[in-house]
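Participant: One structure coming up, written as structure tokens, with questions to follow.
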Amino acid sequence: MKLSSNLPRLLATAALFVSILSCSENLDSSGVCSVLCPVVGGEVKNITIDAVVIDTTVPSLSGLGTEAGLLLASRGDTLDTRVVVRFDSLPEKFTPTGDTARAIASVDSAYIRFTLDTLSIKGAEPVTIEAYDVDTTANDTSTAAVLALFRPDRFISSQTFARAQLTDTLKYFISNAVVLAKIQNRTALRIGLRATGPASSQMRFISVEGGFGPNLFFRATPDTTTVPQTVAPFSKTPVGASILAANLTDYTVIAKAPPGAPPSVLSVGGLPARRVYIRFNIPDSIIDSATVVRATLLLNQLPNTAIDPTDTVLLLPEVVLAGTAVIDPAKAGQIIGTISVDTLRLTPGGSGVKNVELARAFTLWHTQSPDSLPRAIVLKSLTEGNTAIELRFSSSEDIAALRPRLRISYTAKVPLGLP
Amino acid sequence: MMRKTLVVVTALFATSFPSVGKAQGALSLQGLGYPPGQISARAEGTGGGVADFDALSLTTPASLAGVGAAALFLQYSPEFRRVTTSGGSANTITARFPLVEGVLPVGQSWTVALSSSTFLDRSSETSLARTQVVGEPPGDTVTLVEQNKVLGAINDVRLALAWSNSPVFRIGVGGHVFAGSNRITFSNLFPDSAEFISSTQVNRISYAGLAASIGLEWHPSRAIGFAVSGRKGGDLRAQSGDTAIGSAKLPDHYSASVLFEGIPGTTISFRAAHDNWSTLSALSSTGIQAFDGWDIGGGLEASGPRILQRIVTVRLGGRARTLPFGFNGEKVSEKTFAFGLGAPLTRDRAAIDLAIQRASRTTASSNVQERGFILSIGLRVSP
């Protein structure tokens, strides 16, 4: 009797339990695919085409002072770069410990603290860094005007560093008297740095744009219990151009750089930094009618031994996001988007065919009409503006065998439908 | 020069596409899919034997005349399947709602019904990992995963009318609209997205066709009954978007059944049906062969114990049939053993039927073994 009354409930409960289990459908039969799943996709085919319609070298970055690093180099006749840091706003008062604010009447232990990219250091010999007063009323972006101020009557101080002293935080001490004079005269403190020494040297400081810019420190009293003054870089000029002024708080001045590539050669990197803009004409049949599984730009590298030919440069392809309204490659080459986290590692002295993968660009182009988004990419150095190293490639003006080409691996689209 | 190159490339792309088949992943899912059978949980419990006398099965319109009262019927039939091959095995769960029906007696002699049932269920999903060489020789060898997912079915929507003015003879006719779609998703997945482009293609195939059916049921005595039925298929068209991609004749279906009720409280039934599945071969782009086949089954239905003042009906049955689509050119046969229960609910204004079927599917020579449990739960409500 008891069993008979429980049986329907047991059956109903069991049925309910199994039904709930089956609510989460699982159709995956992958475990038997080696026997029961024929290969669906077709064979991958390859084709190499001359699809480049425009390839040219364009300037990178949007102007002086926008780079993430400050390159200080002294490499004989090959490379000479200086660093300028502007402290246009200096404090005039300080507050001693346990006292009220008062005017700064003395400066002690003044130094600029730089964050140094130790991997960028070249040269094992000691290096002397000279500081010059480069304050001027000349045009803010005039390189020649600034370089002319690296002269004896503008000399402030110098400091020599052994290689072992070049650590990731570099304290560069400067004349206390000069800092005090600038404070009391209410003038801008604009420091120009130049590297000298018995041998070549090169290093890169992180700039304000790089997130760890230089800062000026000094004590306004010999009393060591008083907190030191900290001054961040600031530029008051050019007046009315706040973005440019912000860029010019610290920047690199190129006194001498290796000559650039000839116009018929594509150039990536160097100083001033350059990029390569390439626009393709890819048949719609490839993008729309087939399934592209890999797209590779084949570039013929030309050896460039001008400077550091064995150093590694990370080449990064990016897709141009500028619409068809932007017809100037130099401008279009600034409006770009990241398509690859992987970089191509090349050395300037290398040569031969190099493969640049454009898979993700094709993924984007598949969703956009060429009428709205040209099939264009930019090749840039990951450290553009921070090194003089330059990669060179044959352009479409070269002989046919050396021109940039596009190799596409594709499969036929699977005709989805009837079994 | 470049223009010429592009023209050549375009032509090359346009002409080099091969026609390829589709992954299925089970013997029962070949071709356009698996036919659940269009019979109720009650009929499944008897191996299909009672289907041609069962108003809730859709094999014949004549049986509608015996429904008695207006009724709504819904059935849920999940299948728990295991496929074993020499290369591995797979366990799947397929949720199906193979039957829904509304029946309405009109006057003393007429009964009308509207129903929808799953005709061919193509739901499947597979992932096949294989190596692929990409690039100019020697190229890079990568592991490519092909994911293939098909969801959807062809359904049979039937409007049927049955007549009977005595328990001796029933006749019915039905008009069928076969409609449905398959949503197909095919993905090529590469491991390194920086170098390779993974892709996904999606397509939807829709089907439409017409058929007509007729059924007769004759009970010369209270102990025995006979039924015959037939469905004549019209054209079944397949379309992708606005484009017709194929057509075939819907398979004709014929059945004959006998019912013996000479033992009090017991019904013994036997049914033989034939389907001209081969007409669907024309709806394959890869030459998958469909086979005509018999569907033979029989079973016992008996009054069981009285539980909670309700008489529980117990059913046993067995069934053998040929599935529509072959594997490697061979017929796929299915054998089923079934057990079922039925019980009235809420003063006979509702009834529940449970059936559990153990199905095994094989071909003559392949090493593939397919086993499945199909649990069917049918609920009939008379409003």
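All residue names refer to the structure tokens as shown: chains lettered A, B, ... in order, residues numbered from 1 in each chain, ligands numbered from 1 in order.
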Could you pull the residues within 8 Å of B:His274, counting only C-alpha atoms, minus those fewer than 3 positions along the same chain, as a list in words?

Facilitator: His253, Tyr254, Ser255, Asp292, Gly293, Trp294 and Asp295 of chain B

Participant: How would the residues just picked look written out with N, CA and C atoms as a PDB file, in the first residue's frame?

Facilitator:
ATOM      1  N   HIS B 253       4.237   7.798 -47.832  1.00  0.00           N
ATOM      2  CA  HIS B 253       4.239   6.979 -46.618  1.00  0.00           C
ATOM      3  C   HIS B 253       2.967   6.120 -46.608  1.00  0.00           C
ATOM      4  N   TYR B 254       3.140   4.839 -46.382  1.00  0.00           N
ATOM      5  CA  TYR B 254       1.989   3.933 -46.319  1.00  0.00           C
ATOM      6  C   TYR B 254       2.127   3.065 -45.072  1.00  0.00           C
ATOM      7  N   SER B 255       0.988   2.773 -44.467  1.00  0.00           N
ATOM      8  CA  SER B 255       1.063   1.893 -43.293  1.00  0.00           C
ATOM      9  C   SER B 255      -0.205   1.046 -43.184  1.00  0.00           C
ATOM     10  N   ASP B 292      14.744   3.848 -49.284  1.00  0.00           N
ATOM     11  CA  ASP B 292      13.389   3.483 -48.901  1.00  0.00           C
ATOM     12  C   ASP B 292      13.488   2.467 -47.763  1.00  0.00           C
ATOM     13  N   GLY B 293      12.493   2.485 -46.912  1.00  0.00           N
ATOM     14  CA  GLY B 293      12.628   1.555 -45.790  1.00  0.00           C
ATOM     15  C   GLY B 293      11.312   1.221 -45.123  1.00  0.00           C
ATOM     16  N   TRP B 294      11.330   0.089 -44.433  1.00  0.00           N
ATOM     17  CA  TRP B 294      10.185  -0.362 -43.659  1.00  0.00           C
ATOM     18  C   TRP B 294      10.313   0.100 -42.227  1.00  0.00           C
ATOM     19  N   ASP B 295       9.184   0.325 -41.637  1.00  0.00           N
ATOM     20  CA  ASP B 295       9.109   0.660 -40.217  1.00  0.00           C
ATOM     21  C   ASP B 295       8.110  -0.324 -39.612  1.00  0.00           C
TER      22      ASP B 295
END

Participant: I need the residues of stretch 28-102 of chain B that end up classed as helix (DSSP H, G or I) by DSSP on the backbone, written out as a PyMOL selection string.

Facilitator: chain B and resi 28-29+41-45+51-53+62-66

Participant: Dump C-alpha atoms for the selected residues as a tab-separated table (two decimals), in the first residue's frame?

Facilitator:
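Ended up saving to result.tsv:
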chain	number	residue	atom	x	y	z
B	28	SER	CA	21.16	8.96	-37.17
B	29	LEU	CA	22.02	12.51	-38.22
B	41	ALA	CA	4.47	8.72	-26.24
B	42	ARG	CA	1.69	6.18	-25.94
B	43	ALA	CA	2.42	4.74	-29.38
B	44	GLU	CA	6.16	4.79	-28.74
B	45	GLY	CA	5.59	2.61	-25.67
B	51	ALA	CA	-0.01	4.52	-33.74
B	52	ASP	CA	-2.64	4.13	-36.47
B	53	PHE	CA	-5.38	3.84	-33.82
B	62	ALA	CA	-8.68	8.56	-39.29
B	63	SER	CA	-7.82	7.94	-35.64
B	64	LEU	CA	-8.85	11.49	-34.75
B	65	ALA	CA	-12.45	10.39	-34.82
B	66	GLY	CA	-11.84	8.32	-31.72

Participant: Near A:Arg392, counting only C-alpha atoms, which residues have an atom at most 7 Å away, once you skip same-chain residues fewer than 5 positions from it, shown as a PyMOL selection string?

Facilitator: chain A and resi 265-268+301-304

Participant: Near stretch 113-127 of chain A, within 7 Å and counting only C-alpha atoms, which residues show up once chain neighbours fewer than 3 positions away are dropped, as JSON, numbers by chain?

Facilitator: {"A": [160, 161, 162, 163, 167, 168, 169, 170, 171, 172, 195, 196, 197, 199, 200, 201, 202, 203, 204, 205, 206, 212, 213, 214, 215, 216]}

Participant: Emit the selected residues as a PDB file, in the first residue's frame, including C-alpha atoms.

Facilitator:
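Below is the file again_0.pdb, written as the result:
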ATOM      1  CA  THR A 160      80.436  62.873 -15.410  1.00  0.00           C
ATOM      2  CA  PHE A 161      78.972  59.416 -14.956  1.00  0.00           C
ATOM      3  CA  ALA A 162      80.749  56.112 -15.097  1.00  0.00           C
ATOM      4  CA  ARG A 163      78.830  53.379 -16.840  1.00  0.00           C
ATOM      5  CA  THR A 167      71.020  53.337 -13.329  1.00  0.00           C
ATOM      6  CA  ASP A 168      67.301  53.625 -13.921  1.00  0.00           C
ATOM      7  CA  THR A 169      67.114  56.767 -11.762  1.00  0.00           C
ATOM      8  CA  LEU A 170      69.675  59.393 -12.647  1.00  0.00           C
ATOM      9  CA  LYS A 171      70.320  62.437 -10.467  1.00  0.00           C
ATOM     10  CA  TYR A 172      71.816  65.228 -12.511  1.00  0.00           C
ATOM     11  CA  ALA A 195      76.569  64.388 -23.846  1.00  0.00           C
ATOM     12  CA  THR A 196      80.316  64.455 -24.345  1.00  0.00           C
ATOM     13  CA  GLY A 197      83.144  62.125 -23.513  1.00  0.00           C
ATOM     14  CA  ALA A 199      83.897  57.753 -26.656  1.00  0.00           C
ATOM     15  CA  SER A 200      80.448  57.478 -28.176  1.00  0.00           C
ATOM     16  CA  SER A 201      77.530  57.387 -25.818  1.00  0.00           C
ATOM     17  CA  GLN A 202      73.790  57.186 -26.058  1.00  0.00           C
ATOM     18  CA  MET A 203      70.929  56.933 -23.584  1.00  0.00           C
ATOM     19  CA  ARG A 204      67.219  57.546 -23.442  1.00  0.00           C
ATOM     20  CA  PHE A 205      65.349  59.286 -20.659  1.00  0.00           C
ATOM     21  CA  ILE A 206      61.641  58.790 -20.242  1.00  0.00           C
ATOM     22  CA  PHE A 212      57.926  59.347 -16.061  1.00  0.00           C
ATOM     23  CA  GLY A 213      59.239  62.783 -16.992  1.00  0.00           C
ATOM     24  CA  PRO A 214      62.132  64.603 -15.332  1.00  0.00           C
ATOM     25  CA  ASN A 215      61.609  66.652 -12.164  1.00  0.00           C
ATOM     26  CA  LEU A 216      63.690  69.392 -10.523  1.00  0.00           C
TER      27      LEU A 216
END

Participant: Please return as a PyMOL selection string: the residues of stretch 95-252 of chain B that backbone DSSP assigns to strand (DSSP E or B).

Facilitator: chain B and resi 99-106+110-121+124-134+140-166+169-189+199-218+224-240+243-249

Participant: Looking at only C-alpha atoms, which of B:Gly318, B:Gly378, B:Gly304, B:Gly265 is the one that sits closest to B:Arg358?

Facilitator: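 Once distances to B:Arg358 are computed over only C-alpha atoms, the minimum belongs to B:Gly318.
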
Participant: From the set B:Thr363, B:Thr92, B:Asn203, B:Asn148, which residue has the shortest atom-to-atom contact distance to B:Asn188, counting only C-alpha atoms?

Facilitator: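 Residue with the minimum atom-to-atom distance to B:Asn188: B:Asn148.
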
Participant: When you count only C-alpha atoms, which of these residues is closest to chain B: A:Gly385, A:Pro283, A:Pro348, A:Pro222?

Facilitator: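 Going through A:Gly385, A:Pro283, A:Pro348, A:Pro222 one by one, the smallest distance to chain B is for A:Pro283.
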
Participant: For chain B, which of A:Val227, A:Ile254, A:Ile278, A:Val52 is the closest residue, counting only C-alpha atoms?

Facilitator: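 Between A:Val227, A:Ile254, A:Ile278, A:Val52, the residue approaching chain B most closely is A:Val52.
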
Participant: Name the residues in contact with stretch 122-125 of chain B at a cut-off of 9 Å, using only C-alpha atoms, excluding same-chain residues fewer than 3 positions from it; report them as an MDAnalysis selection string.

Facilitator: (chainID A and resid 26:30) or (chainID B and resid 23:26 29:34 94 147:154 182)

Participant: Please report the interatomic distance between atom CA of A:Gln334 and atom CA of A:Val58 in Å with one decimal.

Facilitator: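 Value for the atom CA of A:Gln334-atom CA of A:Val58 distance: 9.2 Å.
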
Participant: For B:Leu354, work out the shell of residues within 10 Å, counting only C-alpha atoms and skipping chain neighbours fewer than 5 positions away, then give it as an MDAnalysis selection string.

Facilitator: (chainID A and resid 11:12 15) or (chainID B and resid 40:42 44:45 75:77 314:315 339:343 375:379)

Participant: Using only C-alpha atoms, which of A:Gly69, A:Leu358, A:Asn247, A:Ala332 sits nearest A:Leu344?

Facilitator: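 Looking only at the distances to A:Leu344, the closest residue turns out to be A:Leu358.
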
Participant: Can you work out which one of B:Ser57, B:Ser229, B:Thr322, B:Ser382 has the shortest atom-to-atom distance to B:Ala351, counting only C-alpha atoms?

Facilitator: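 Ranking B:Ser57, B:Ser229, B:Thr322, B:Ser382 by distance to B:Ala351, first place goes to B:Ser382.
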